[in-house]
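In what follows, a structure is listed as structure tokens, so that the remarks can point back to it.
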Amino acid sequence: MDSIPEKGTTFVTLLPMAKGKVTQKSDVITPLPKGNEHILFVDDENVTVDAIQAMLESLGYKVTARTRSLECLEAFRVQPDKFDLVITDMTMPDMTGKELAKELMSIRADIPIILCTGFSEQIDENKAKGMGISAFLMKPIVMQDMANIIRQVLDKKQ
């Protein structure tokens, strides 16, 4: 280390030389899985709804989006066979995602549901699966994760 007042300090760091052949990791871009199914999506935050709806539509899905769990339930109740999948947030006013999922499955037992949450003491992946929810996704939502989970859930159903 060299240090000169009012001029600065120079540090020299010596690292051991790597043994063996150094290979460079290449970033392999895998295409996102897409589909054309109809998804019912609900989250109480408008910004999230707009972003996820755009994400899902860019993957080829038809999306019906709601910002209130009761509106989501009503849309499903009117046409339960219209939807191939429901994606719901966990923490919402009026009815939690867990309560909504229970209601939706009472109307149509075979409806696949993905539950999204940032944090919840009320439910975890094991509890969600135990009550019949198809998949559990932590926020923030990453497009690759969402695309993969949707395909896994929908392809398992068929």
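By convention in this document, the chains of the structure tokens carry letters A, B, ... by their order, each chain's residues are numbered from 1, and ligands are numbered from 1 in the order they are shown.
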Practice item. May I have the residues within 10 Å of Thr117 (chain A) as a list in words, using only C-alpha atoms and disregarding those fewer than 3 positions away in the same chain? Key: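 Here the answer would be Thr88, Asp89, Met90, Thr91, Gly97, Ser120, Ile123, Asp124, Phe136, Leu137, Met138, Lys139, Pro140 and Ile141 of chain A.
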Region 46-134 of chain A residues near region 37-42 of chain A within 8 Å, closest pair each, using only C-alpha atoms, as CSV:
```
residue,atom,partner,partner_atom,distance
A:Val49,CA,A:Val42,CA,7.0
A:Gln53,CA,A:Phe41,CA,7.7
A:Gly60,CA,A:Glu37,CA,8.0
A:Tyr61,CA,A:Glu37,CA,5.3
A:Lys62,CA,A:His38,CA,4.6
A:Val63,CA,A:Ile39,CA,4.9
A:Thr64,CA,A:Leu40,CA,4.9
A:Ala65,CA,A:Phe41,CA,4.7
A:Arg66,CA,A:Val42,CA,4.8
A:Thr67,CA,A:Val42,CA,5.5
A:Arg68,CA,A:Val42,CA,6.7
A:Ser69,CA,A:Val42,CA,6.5
A:Cys72,CA,A:Val42,CA,6.5
A:Lys82,CA,A:His38,CA,7.2
A:Phe83,CA,A:His38,CA,5.1
A:Asp84,CA,A:His38,CA,5.4
A:Leu85,CA,A:Ile39,CA,4.9
A:Val86,CA,A:Leu40,CA,4.7
A:Ile87,CA,A:Phe41,CA,4.8
A:Thr88,CA,A:Val42,CA,4.9
A:Asp89,CA,A:Val42,CA,6.3
```
Exercise for review: Return as a PyMOL selection string the full set of residues in region 37-136 of chain A whose backbone-based DSSP assignment is strand (DSSP E or B).
Suggested key: chain A and resi 38-42+62-66+85-89+113-117+135-136
Practice item. Quick one: pick out all helix (DSSP H, G or I) residues within chain A from a backbone DSSP run and write them as a VMD selection string. Key: chain A and resid 46 to 58 69 to 78 80 to 82 97 to 107 125 to 130 143 to 157
Practice item. Rank A:Leu115, A:Met17, A:Leu59, A:Met146 by their smallest atom-to-atom distance to Met131 (chain A), using only C-alpha atoms, and report the top residue only. Key: A:Leu115
Practice item. Using only C-alpha atoms, pick whichever of A:Ile107, A:Leu15, A:Ala147, A:Ile52 has the shortest atom-to-atom distance to Pro33 (chain A). Key: A:Ala147
Check your understanding: In Å, with one decimal, what is the gap from CA of Asp94 (chain A) to CA of Val142 (chain A)?
Key ->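 That distance, rounded to one decimal, is 26.8 Å.
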Exercise for review: Could you please determine the separation between CA of Cys116 (chain A) and CA of Met95 (chain A) in Å, to one decimal place?
Suggested key: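 Atom-to-atom, CA of Cys116 (chain A) to CA of Met95 (chain A), that is 14.3 Å.
Going from CA of Lys127 (chain A) to CA of Glu99 (chain A) covers 12.8 Å.
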Long-range neighbours of Asp2 (chain A) as a tab-separated table (two decimals) with N, CA and C atoms, in the first residue's frame, 9 Å cut-off, only C-alpha atoms, 6 positions minimum in chain:
```
chain	number	residue	atom	x	y	z
A	8	GLY	N	-3.51	10.60	-2.40
A	8	GLY	CA	-4.30	9.38	-2.50
A	8	GLY	C	-3.55	8.17	-2.00
A	9	THR	N	-4.24	7.05	-2.09
A	9	THR	CA	-3.69	5.78	-1.63
A	9	THR	C	-3.82	4.76	-2.73
A	10	THR	N	-2.80	3.96	-2.91
A	10	THR	CA	-2.82	2.90	-3.91
A	10	THR	C	-2.75	1.56	-3.18
A	11	PHE	N	-3.71	0.70	-3.47
A	11	PHE	CA	-3.71	-0.66	-2.92
A	11	PHE	C	-3.37	-1.63	-4.02
A	12	VAL	N	-2.55	-2.60	-3.72
A	12	VAL	CA	-2.22	-3.65	-4.67
A	12	VAL	C	-2.72	-4.95	-4.07
```
Point to revise | Counting only C-alpha atoms, the residue of A:Ile29, A:Met55, A:Ala128, A:Leu154 that sits nearest Lys102 (chain A) | key: A:Ala128
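Neighbouring residues of Lys156 (chain A) at 10 Å or closer, counting only C-alpha atoms and skipping chain neighbours under 3 positions away, are Pro112, Ser134, Ile150, Arg151, Gln152 and Val153 of chain A.
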